[in-house]
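Everything on this sheet refers to the single structure shown next.
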Amino acid sequence: MLDRRRRDELDGVLNLGRLADKMVFALGRALRSEELRPDDVLACERARQLFELMTREDVIVLDSTHDRMLNDESYLDALHVVELRAQGELEDVAQRYVELLDKLATVGVSDDERADLAAMRELFIELGEATISHANDLSRPRQEPSWPQTRHAISHF
């Protein structure tokens with residue numbers, strides 16, 4: 001049985017994984033020039049909010065009771081994946097994705113921006129894989145050490 005903190009962390013990770021999954025499909029439709037579905041638009045808005053958080057240099061603490069998609073741990077998971085792909089340009093990449101998602105929701109993206117859209121889709125694929133791995137770790141019961149517990153030396157006197 002999971003304790004409350006691990007259960008809350010698992011909820012955030014699973015919700016982030018669902019967002020990643022929805023974004024992979026939404027961005028795939030956008031790359032194929034298909035019309036976005038209403039749930040695609042909602043997923044894009046959530047992703048835009050996530051990237052907007054990353055454009056700030058402040059330390060961000062999330063209130064998980066207000067926002068069930070993200071908690072501190074799932075935000076840090078997303079931040080880590082974006083940081084690895086951004087290669088030191090985190091705020092710039094996050095800002096570019098905010099602008100791209102805004103355009104996608106309103107006027108659509110140009111042919112020149114499709115490469116960035118494809119890169120964002122790859123990022124969400126990677127994020128989905130990372131959340132699956134993290135969820136797997138969280139859902140496993142804590143393992144006891146494989147060696148027998150040592151007894152205190154004084155118990156033999």
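For the structure tokens, the naming scheme is as follows: chains receive sequential letters (A, B, ...) according to their order of presentation, residues are indexed from 1 within each chain, and ligands are indexed from 1 in presentation order.
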Name all residues at most 6 Å from range 73-83 of chain A (count only C-alpha atoms; drop same-chain ones fewer than 3 positions away) and give them as a list in words. Gly12, Val13, Leu70, Ala86 and Leu90 of chain A
How many Å lie between CA of Ser133 in chain A and CA of Arg7 in chain A, rounded to one decimal? 15.4 Å
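A straight line drawn from CA of Ser110 in chain A to CA of Leu53 in chain A is 25.2 Å long.
Considering the residues A:Leu100, A:Ala20, A:Val109, A:Leu127 and counting only C-alpha atoms, Arg32 in chain A has its shortest atom-to-atom contact with A:Val109.
Using only C-alpha atoms, the smallest distance between any of A:Asp21, A:Asp39, A:Asp116, A:Asp92 and Phe51 in chain A comes from A:Asp92.
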Excluding Gly128 in chain A and its own-chain neighbours fewer than 6 positions away, which residues fall within 9 Å of it when counting only C-alpha atoms? Please give them as a VMD selection string. chain A and resid 16 to 21 24
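For the atom pair formed by CA of Glu52 in chain A and CA of Gly28 in chain A, the distance is 21.7 Å, given to one decimal.
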Taking only C-alpha atoms into account, which of A:Ala115, A:Leu123, A:Leu101, A:Leu36 comes nearest Arg85 in chain A? A:Leu123
Those in range 73-140 of chain A with alpha helix (DSSP H) from DSSP, as a ChimeraX atom specification: /A:73-86,90-106,114-139
Which residues, written as an NGL selection string, have at least one atom at most 10 Å from Ala30 in chain A, with only C-alpha atoms counted and residues fewer than 2 positions away on the same chain left out? :A and (24-28 or 32-36 or 40 or 104 or 108-109 or 114 or 117-118)
Now that the selection is made, can you save its residues with all heavy atoms as a short mmCIF file (atom, residue, chain, number, x, y, z; two decimals), in the first residue's frame?
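Output below, filename out-v5.cif:
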```
data_model
loop_
_atom_site.label_atom_id
_atom_site.label_comp_id
_atom_site.auth_asym_id
_atom_site.auth_seq_id
_atom_site.Cartn_x
_atom_site.Cartn_y
_atom_site.Cartn_z
N VAL A 24 1.18 14.20 -27.81
CA VAL A 24 1.76 13.46 -28.93
C VAL A 24 0.71 13.33 -30.04
O VAL A 24 1.01 13.57 -31.22
CB VAL A 24 2.28 12.08 -28.48
CG1 VAL A 24 2.60 11.19 -29.68
CG2 VAL A 24 3.51 12.24 -27.60
N PHE A 25 -0.51 12.98 -29.67
CA PHE A 25 -1.56 12.84 -30.67
C PHE A 25 -1.98 14.19 -31.26
O PHE A 25 -2.18 14.31 -32.47
CB PHE A 25 -2.78 12.11 -30.09
CG PHE A 25 -2.54 10.65 -29.90
CD1 PHE A 25 -2.40 10.11 -28.63
CD2 PHE A 25 -2.42 9.80 -30.99
CE1 PHE A 25 -2.16 8.76 -28.44
CE2 PHE A 25 -2.19 8.44 -30.82
CZ PHE A 25 -2.05 7.92 -29.54
N ALA A 26 -2.11 15.21 -30.40
CA ALA A 26 -2.52 16.53 -30.89
C ALA A 26 -1.47 17.10 -31.85
O ALA A 26 -1.82 17.63 -32.92
CB ALA A 26 -2.72 17.48 -29.71
N LEU A 27 -0.20 16.99 -31.48
CA LEU A 27 0.85 17.52 -32.36
C LEU A 27 0.97 16.69 -33.63
O LEU A 27 1.30 17.24 -34.69
CB LEU A 27 2.17 17.58 -31.60
CG LEU A 27 2.21 18.60 -30.45
CD1 LEU A 27 3.46 18.44 -29.62
CD2 LEU A 27 2.05 20.02 -30.97
N GLY A 28 0.69 15.41 -33.55
CA GLY A 28 0.66 14.59 -34.76
C GLY A 28 -0.41 15.06 -35.73
O GLY A 28 -0.17 15.16 -36.94
N ARG A 32 0.06 16.83 -39.47
CA ARG A 32 -0.62 16.33 -40.66
C ARG A 32 -1.64 17.32 -41.20
O ARG A 32 -2.41 17.00 -42.11
CB ARG A 32 -1.31 15.00 -40.35
CG ARG A 32 -0.35 13.85 -40.07
CD ARG A 32 -1.08 12.53 -39.93
NE ARG A 32 -2.13 12.53 -38.91
CZ ARG A 32 -1.94 12.24 -37.62
NH1 ARG A 32 -0.73 11.94 -37.18
NH2 ARG A 32 -2.96 12.25 -36.78
N SER A 33 -1.65 18.52 -40.64
CA SER A 33 -2.57 19.60 -41.03
C SER A 33 -4.03 19.22 -40.83
O SER A 33 -4.91 19.71 -41.54
CB SER A 33 -2.33 20.03 -42.47
OG SER A 33 -1.01 20.51 -42.61
N GLU A 34 -4.31 18.37 -39.86
CA GLU A 34 -5.68 18.03 -39.51
C GLU A 34 -6.19 19.04 -38.49
O GLU A 34 -5.41 19.66 -37.77
CB GLU A 34 -5.75 16.62 -38.89
CG GLU A 34 -5.37 15.52 -39.85
CD GLU A 34 -5.37 14.14 -39.18
OE1 GLU A 34 -5.87 14.02 -38.04
OE2 GLU A 34 -4.85 13.20 -39.80
N GLU A 35 -7.51 19.18 -38.43
CA GLU A 35 -8.10 20.08 -37.47
C GLU A 35 -7.95 19.49 -36.07
O GLU A 35 -8.14 18.28 -35.86
CB GLU A 35 -9.58 20.29 -37.79
CG GLU A 35 -10.24 21.32 -36.93
CD GLU A 35 -11.66 21.60 -37.36
OE1 GLU A 35 -11.98 21.41 -38.55
OE2 GLU A 35 -12.45 21.98 -36.49
N LEU A 36 -7.61 20.35 -35.12
CA LEU A 36 -7.47 19.90 -33.74
C LEU A 36 -8.84 19.64 -33.13
O LEU A 36 -9.80 20.37 -33.39
CB LEU A 36 -6.72 20.93 -32.90
CG LEU A 36 -5.26 21.17 -33.26
CD1 LEU A 36 -4.65 22.21 -32.32
CD2 LEU A 36 -4.45 19.89 -33.22
N ASP A 40 -7.81 18.26 -27.84
CA ASP A 40 -6.46 18.65 -28.26
C ASP A 40 -6.17 20.10 -27.85
O ASP A 40 -5.07 20.42 -27.38
CB ASP A 40 -6.29 18.55 -29.78
CG ASP A 40 -6.34 17.13 -30.30
OD1 ASP A 40 -6.14 16.18 -29.50
OD2 ASP A 40 -6.59 16.96 -31.51
N LEU A 104 -0.56 27.86 -32.70
CA LEU A 104 -1.29 26.66 -33.08
C LEU A 104 -2.76 26.78 -32.71
O LEU A 104 -3.64 26.38 -33.48
CB LEU A 104 -0.66 25.43 -32.41
CG LEU A 104 -1.25 24.07 -32.76
CD1 LEU A 104 -1.08 23.77 -34.24
CD2 LEU A 104 -0.59 22.99 -31.91
N GLY A 108 -2.64 29.05 -36.48
CA GLY A 108 -1.98 27.91 -37.10
C GLY A 108 -0.50 28.19 -37.30
O GLY A 108 -0.05 29.33 -37.20
N VAL A 109 0.23 27.15 -37.57
CA VAL A 109 1.68 27.28 -37.71
C VAL A 109 2.06 27.29 -39.19
O VAL A 109 1.37 26.69 -40.02
CB VAL A 109 2.44 26.15 -36.97
CG1 VAL A 109 2.25 26.28 -35.48
CG2 VAL A 109 2.03 24.79 -37.45
N ARG A 114 7.06 23.95 -38.58
CA ARG A 114 6.75 22.52 -38.43
C ARG A 114 7.90 21.73 -37.81
O ARG A 114 7.68 20.77 -37.09
CB ARG A 114 6.35 21.91 -39.77
CG ARG A 114 5.00 22.42 -40.23
CD ARG A 114 4.44 21.59 -41.36
NE ARG A 114 3.14 22.08 -41.74
CZ ARG A 114 2.01 21.79 -41.10
NH1 ARG A 114 2.03 21.03 -40.05
NH2 ARG A 114 0.87 22.27 -41.53
N LEU A 117 7.56 22.16 -34.21
CA LEU A 117 6.40 21.37 -33.77
C LEU A 117 6.78 19.89 -33.66
O LEU A 117 6.40 19.22 -32.69
CB LEU A 117 5.26 21.56 -34.77
CG LEU A 117 3.83 21.48 -34.27
CD1 LEU A 117 3.56 22.52 -33.21
CD2 LEU A 117 2.87 21.64 -35.43
N ALA A 118 7.54 19.41 -34.62
CA ALA A 118 8.00 18.02 -34.58
C ALA A 118 8.95 17.80 -33.40
O ALA A 118 8.89 16.76 -32.73
CB ALA A 118 8.68 17.64 -35.89
#
```
